[in-house]
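Chemist: To be precise about what I am sending: the file is called protein33.cif and holds mmCIF, C-alpha atoms.
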```cif
data_coords
#
loop_
_atom_site.group_PDB
_atom_site.id
_atom_site.type_symbol
_atom_site.label_atom_id
_atom_site.label_comp_id
_atom_site.auth_asym_id
_atom_site.auth_seq_id
_atom_site.Cartn_x
_atom_site.Cartn_y
_atom_site.Cartn_z
ATOM 1 C CA MET C 1 10.065 5.265 32.496
ATOM 2 C CA ALA C 2 12.675 7.876 33.405
ATOM 3 C CA GLY C 3 14.525 5.314 35.502
ATOM 4 C CA LEU C 4 14.477 2.711 32.742
ATOM 5 C CA ILE C 5 15.730 5.208 30.171
ATOM 6 C CA GLU C 6 18.526 6.397 32.450
ATOM 7 C CA THR C 7 19.621 2.811 33.082
ATOM 8 C CA ALA C 8 19.567 2.056 29.352
ATOM 9 C CA GLU C 9 21.576 5.216 28.615
ATOM 10 C CA VAL C 10 19.277 6.300 25.797
ATOM 11 C CA SER C 11 17.193 9.400 25.171
ATOM 12 C CA LEU C 12 13.464 9.556 25.727
ATOM 13 C CA ARG C 13 11.470 11.753 23.379
ATOM 14 C CA PRO C 14 7.802 11.087 24.309
ATOM 15 C CA HIS C 15 4.950 11.858 21.947
ATOM 16 C CA PHE C 16 3.595 15.309 22.751
ATOM 17 C CA LYS C 17 0.162 14.319 21.427
ATOM 18 C CA THR C 18 -0.329 12.188 24.533
ATOM 19 C CA SER C 19 -0.844 15.228 26.762
ATOM 20 C CA LYS C 20 -0.684 18.292 24.485
ATOM 21 C CA CYS C 21 0.004 20.162 27.706
ATOM 22 C CA ILE C 22 3.048 22.395 28.274
ATOM 23 C CA ALA C 23 2.944 21.850 32.062
ATOM 24 C CA VAL C 24 3.114 18.075 31.545
ATOM 25 C CA ALA C 25 5.869 18.519 28.951
ATOM 26 C CA ARG C 26 7.955 20.545 31.399
ATOM 27 C CA ARG C 27 7.532 17.815 34.036
ATOM 28 C CA GLN C 28 8.628 15.201 31.513
ATOM 29 C CA LEU C 29 11.717 17.265 30.720
ATOM 30 C CA ALA C 30 12.460 17.658 34.426
ATOM 31 C CA HIS C 31 12.330 13.867 34.778
ATOM 32 C CA GLY C 32 14.721 13.119 31.957
ATOM 33 C CA ALA C 33 12.960 13.481 28.612
ATOM 34 C CA SER C 34 15.339 14.987 26.053
ATOM 35 C CA GLY C 35 12.591 16.481 23.888
ATOM 36 C CA PHE C 36 9.410 15.412 22.139
ATOM 37 C CA THR C 37 8.034 13.620 19.126
ATOM 38 C CA CYS C 38 5.371 15.652 17.330
ATOM 39 C CA SER C 39 2.660 14.653 14.884
ATOM 40 C CA THR C 40 1.456 18.030 13.647
ATOM 41 C CA PRO C 41 2.840 21.432 12.719
ATOM 42 C CA ALA C 42 0.767 22.906 15.563
ATOM 43 C CA GLU C 43 2.553 20.695 18.096
ATOM 44 C CA VAL C 44 5.967 21.623 16.686
ATOM 45 C CA THR C 45 5.114 25.331 16.707
ATOM 46 C CA LEU C 46 3.726 25.303 20.258
ATOM 47 C CA LEU C 47 6.801 23.577 21.669
ATOM 48 C CA GLN C 48 9.187 25.818 19.722
ATOM 49 C CA ASP C 49 7.301 28.914 20.909
ATOM 50 C CA GLU C 50 7.766 27.651 24.477
ATOM 51 C CA GLY C 51 11.520 27.303 23.905
ATOM 52 C CA ILE C 52 11.465 23.515 23.932
ATOM 53 C CA GLY C 53 13.824 21.873 21.463
ATOM 54 C CA ASP C 54 15.027 18.414 20.460
ATOM 55 C CA LEU C 55 11.838 17.815 18.524
ATOM 56 C CA LEU C 56 11.179 15.092 15.991
ATOM 57 C CA TRP C 57 8.400 15.809 13.514
ATOM 58 C CA ALA C 58 7.422 12.200 12.846
ATOM 59 C CA HIS C 59 5.439 13.027 9.742
ATOM 60 C CA GLN C 60 6.697 12.988 6.171
ATOM 61 C CA PRO C 61 6.668 16.566 4.823
ATOM 62 C CA VAL C 62 4.938 15.806 1.529
ATOM 63 C CA GLY C 63 3.512 18.669 -0.512
ATOM 64 C CA PRO C 64 4.480 22.329 -0.785
ATOM 65 C CA VAL C 65 2.757 23.496 2.419
ATOM 66 C CA LYS C 66 4.386 20.849 4.617
ATOM 67 C CA VAL C 67 7.780 21.301 2.947
ATOM 68 C CA ALA C 68 7.618 25.068 3.549
ATOM 69 C CA PHE C 69 6.645 24.469 7.176
ATOM 70 C CA ALA C 70 9.473 21.970 7.650
ATOM 71 C CA VAL C 71 12.065 24.414 6.306
ATOM 72 C CA GLN C 72 10.716 27.301 8.398
ATOM 73 C CA ALA C 73 10.484 25.241 11.605
ATOM 74 C CA ALA C 74 13.863 23.570 11.111
ATOM 75 C CA SER C 75 15.492 26.963 10.554
ATOM 76 C CA ARG C 76 14.398 27.870 14.111
ATOM 77 C CA GLY C 77 16.618 25.035 15.360
ATOM 78 C CA GLY C 78 16.063 21.960 17.454
ATOM 79 C CA LEU C 79 13.903 20.122 14.908
ATOM 80 C CA THR C 80 14.573 16.847 13.135
ATOM 81 C CA ILE C 81 12.354 15.841 10.210
ATOM 82 C CA ALA C 82 11.213 12.280 9.490
ATOM 83 C CA LEU C 83 12.036 10.892 6.053
ATOM 84 C CA ASP C 84 11.714 7.439 4.538
ATOM 85 C CA SER C 85 12.218 7.937 0.804
ATOM 86 C CA VAL C 86 14.151 9.915 -1.765
ATOM 87 C CA GLU C 87 10.832 11.029 -3.266
ATOM 88 C CA ALA C 88 9.854 12.754 -0.016
ATOM 89 C CA ALA C 89 13.382 14.080 0.519
ATOM 90 C CA GLU C 90 13.970 15.742 -2.866
ATOM 91 C CA PRO C 91 11.516 18.663 -2.508
ATOM 92 C CA LEU C 92 12.646 19.223 1.087
ATOM 93 C CA SER C 93 16.292 19.227 0.002
ATOM 94 C CA LYS C 94 15.637 21.761 -2.729
ATOM 95 C CA ALA C 95 13.620 24.059 -0.451
ATOM 96 C CA ALA C 96 16.226 23.866 2.327
ATOM 97 C CA ALA C 97 19.077 24.561 -0.114
ATOM 98 C CA ASP C 98 17.142 27.500 -1.584
ATOM 99 C CA ALA C 99 16.672 28.844 1.968
ATOM 100 C CA GLY C 100 20.364 28.379 2.763
ATOM 101 C CA THR C 101 19.739 25.972 5.636
ATOM 102 C CA THR C 102 20.542 22.349 6.425
ATOM 103 C CA ILE C 103 17.848 20.137 7.875
ATOM 104 C CA PRO C 104 18.605 17.183 10.123
ATOM 105 C CA PHE C 105 16.502 14.132 9.394
ATOM 106 C CA ALA C 106 15.798 10.794 11.009
ATOM 107 C CA LEU C 107 15.264 7.818 8.763
ATOM 108 C CA GLU C 108 11.995 6.089 9.601
ATOM 109 C CA VAL C 109 12.388 2.314 9.491
ATOM 110 C CA ASP C 110 9.419 -0.010 9.119
ATOM 111 C CA THR C 111 9.730 -2.601 11.890
ATOM 112 C CA GLY C 112 6.382 -4.243 11.253
ATOM 113 C CA LEU C 113 3.518 -1.739 11.204
ATOM 114 C CA HIS C 114 3.771 -1.269 7.404
ATOM 115 C CA ARG C 115 2.282 2.232 7.577
ATOM 116 C CA ALA C 116 5.418 4.260 6.921
ATOM 117 C CA GLY C 117 9.130 3.748 6.941
ATOM 118 C CA VAL C 118 11.691 2.163 4.724
ATOM 119 C CA ASP C 119 12.124 -1.597 4.574
ATOM 120 C CA PRO C 120 15.063 -2.454 6.869
ATOM 121 C CA ASP C 121 16.850 -4.195 3.983
ATOM 122 C CA LYS C 122 16.752 -0.954 1.970
ATOM 123 C CA ALA C 123 17.588 1.421 4.821
ATOM 124 C CA VAL C 124 21.301 1.829 4.076
ATOM 125 C CA SER C 125 20.796 2.506 0.372
ATOM 126 C CA THR C 126 17.891 4.859 1.080
ATOM 127 C CA ALA C 127 19.879 6.785 3.690
ATOM 128 C CA ALA C 128 22.824 7.044 1.279
ATOM 129 C CA ALA C 129 20.586 8.372 -1.474
ATOM 130 C CA ILE C 130 18.959 10.931 0.820
ATOM 131 C CA THR C 131 22.262 12.108 2.301
ATOM 132 C CA SER C 132 23.634 12.603 -1.217
ATOM 133 C CA LEU C 133 21.046 15.364 -1.647
ATOM 134 C CA PRO C 134 22.068 18.879 -0.620
ATOM 135 C CA ALA C 135 20.960 20.476 2.660
ATOM 136 C CA LEU C 136 19.922 17.250 4.445
ATOM 137 C CA LYS C 137 21.910 15.613 7.226
ATOM 138 C CA LEU C 138 21.226 12.193 8.750
ATOM 139 C CA ARG C 139 20.789 12.430 12.515
ATOM 140 C CA GLY C 140 19.557 8.928 13.292
ATOM 141 C CA VAL C 141 16.826 6.348 12.882
ATOM 142 C CA PHE C 142 13.437 5.766 14.459
ATOM 143 C CA THR C 143 10.422 3.533 14.160
ATOM 144 C CA HIS C 144 6.801 3.458 15.185
ATOM 145 C CA GLU C 145 5.827 0.213 16.874
ATOM 146 C CA GLY C 146 2.047 0.561 16.691
ATOM 147 C CA HIS C 147 1.830 -3.032 15.533
ATOM 148 C CA VAL C 148 2.903 -4.248 18.990
ATOM 149 C CA ALA C 149 -0.555 -3.336 20.324
ATOM 150 C CA LYS C 150 -2.091 -6.200 18.333
ATOM 151 C CA HIS C 151 -0.877 -8.495 21.116
ATOM 152 C CA GLY C 152 -3.190 -6.768 23.639
ATOM 153 C CA SER C 153 -2.799 -8.287 27.081
ATOM 154 C CA ASP C 154 -0.464 -11.034 25.817
ATOM 155 C CA ARG C 155 2.573 -9.699 27.715
ATOM 156 C CA PRO C 156 5.044 -12.253 26.274
ATOM 157 C CA GLY C 157 3.787 -11.425 22.760
ATOM 158 C CA VAL C 158 4.174 -7.684 23.362
ATOM 159 C CA GLU C 159 7.689 -8.183 24.720
ATOM 160 C CA ALA C 160 8.734 -10.483 21.875
ATOM 161 C CA GLU C 161 7.398 -8.125 19.192
ATOM 162 C CA GLY C 162 8.918 -5.077 20.886
ATOM 163 C CA ASP C 163 12.250 -6.871 21.225
ATOM 164 C CA ARG C 164 12.182 -7.857 17.538
ATOM 165 C CA ALA C 165 11.414 -4.290 16.475
ATOM 166 C CA GLY C 166 14.169 -2.919 18.718
ATOM 167 C CA ARG C 167 16.729 -5.385 17.399
ATOM 168 C CA THR C 168 15.788 -4.525 13.814
ATOM 169 C CA LEU C 169 16.270 -0.817 14.485
ATOM 170 C CA VAL C 170 19.634 -1.434 16.181
ATOM 171 C CA GLN C 171 20.777 -3.540 13.209
ATOM 172 C CA VAL C 172 19.867 -0.726 10.823
ATOM 173 C CA ALA C 173 21.635 1.873 12.993
ATOM 174 C CA GLU C 174 24.765 -0.277 13.183
ATOM 175 C CA ALA C 175 24.711 -0.857 9.413
ATOM 176 C CA LEU C 176 24.480 2.908 8.854
#
```
What is this file in structure tokens?
Modeler:
Amino acid sequence: MAGLIETAEVSLRPHFKTSKCIAVARRQLAHGASGFTCSTPAEVTLLQDEGIGDLLWAHQPVGPVKVAFAVQAASRGGLTIALDSVEAAEPLSKAAADAGTTIPFALEVDTGLHRAGVDPDKAVSTAAAITSLPALKLRGVFTHEGHVAKHGSDRPGVEAEGDRAGRTLVQVAEAL
């Protein structure tokens, strides 16, 4: 994977939940990972406590407890928060502004799983609306391609679906 990522000239931020092991994380960093994607506050906190940055919390911070965590963790540095709607962004914006900090966010784009993320056709307007709020700064886009697994061992199907999702995300990034 490290070789493929280097050739493609992109960053690799593997999901920490795969190993949940600092020793494995350090090996991944040594082999080219730029940071990690996290699912839970515990994962974010553990990696931050170990001095590991470039983290993406790929979970919408909805509700006062998660918003407070997002502001606290982002103020430590090296954390990008996932957002896909103005409704999720507004409380985070207010809390970050009240704390005197700016939070980088990545816009989650739905490329076919239909679990989270903004519709690709609404991504530019959604990003514009979120970036018009105080204390939030767009860092990039991401997607979760869990739907690709439905193709199982059908390698051409997996490749076609992955390619389609990748092209959709690139189109959104270019439009932004």
Chemist: Counting only C-alpha atoms, which of C:Ala82, C:Ala2, C:Ala74, C:Val24 gets nearest to Thr37 (chain C)?
Modeler: C:Ala82
Chemist: Restricting the calculation to all atoms listed in the file, which member of C:Glu90, C:Glu9, C:Asp163, C:Glu108 is positioned closest to His59 (chain C)?
Modeler: C:Glu108
Chemist: Provide the CA of Ile130 (chain C) to CA of Ala89 (chain C) distance in Å, to one decimal place.
Modeler: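 Calculated distance between CA of Ile130 (chain C) and CA of Ala89 (chain C) is 6.4 Å.
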Chemist: Please provide the set of residues having any atom within 10 Å of Val86 (chain C), restricted to only C-alpha atoms, with same-chain residues fewer than 3 positions apart removed, written as a PyMOL selection string.
Modeler: chain C and resi 83+89-93+126-133
Chemist: Evaluating the PyMOL selection byres ((chain C and resi 18) around 12) on the displayed file yields which residues, as number ranges by chain?
Modeler: C: 13-17, 19-22, 24-25, 28, 36-39, 43
Chemist: Evaluate the PyMOL selection byres ((chain C and resi 136) around 6) on the structure here and hand back the selected residues as a PDB file with C-alpha atoms, in the frame of the given file.
Modeler:
```
ATOM      1  CA  THR C 102      20.542  22.349   6.425  1.00  0.00           C
ATOM      2  CA  ILE C 103      17.848  20.137   7.875  1.00  0.00           C
ATOM      3  CA  PRO C 104      18.605  17.183  10.123  1.00  0.00           C
ATOM      4  CA  PRO C 134      22.068  18.879  -0.620  1.00  0.00           C
ATOM      5  CA  ALA C 135      20.960  20.476   2.660  1.00  0.00           C
ATOM      6  CA  LYS C 137      21.910  15.613   7.226  1.00  0.00           C
TER       7      LYS C 137
END
```
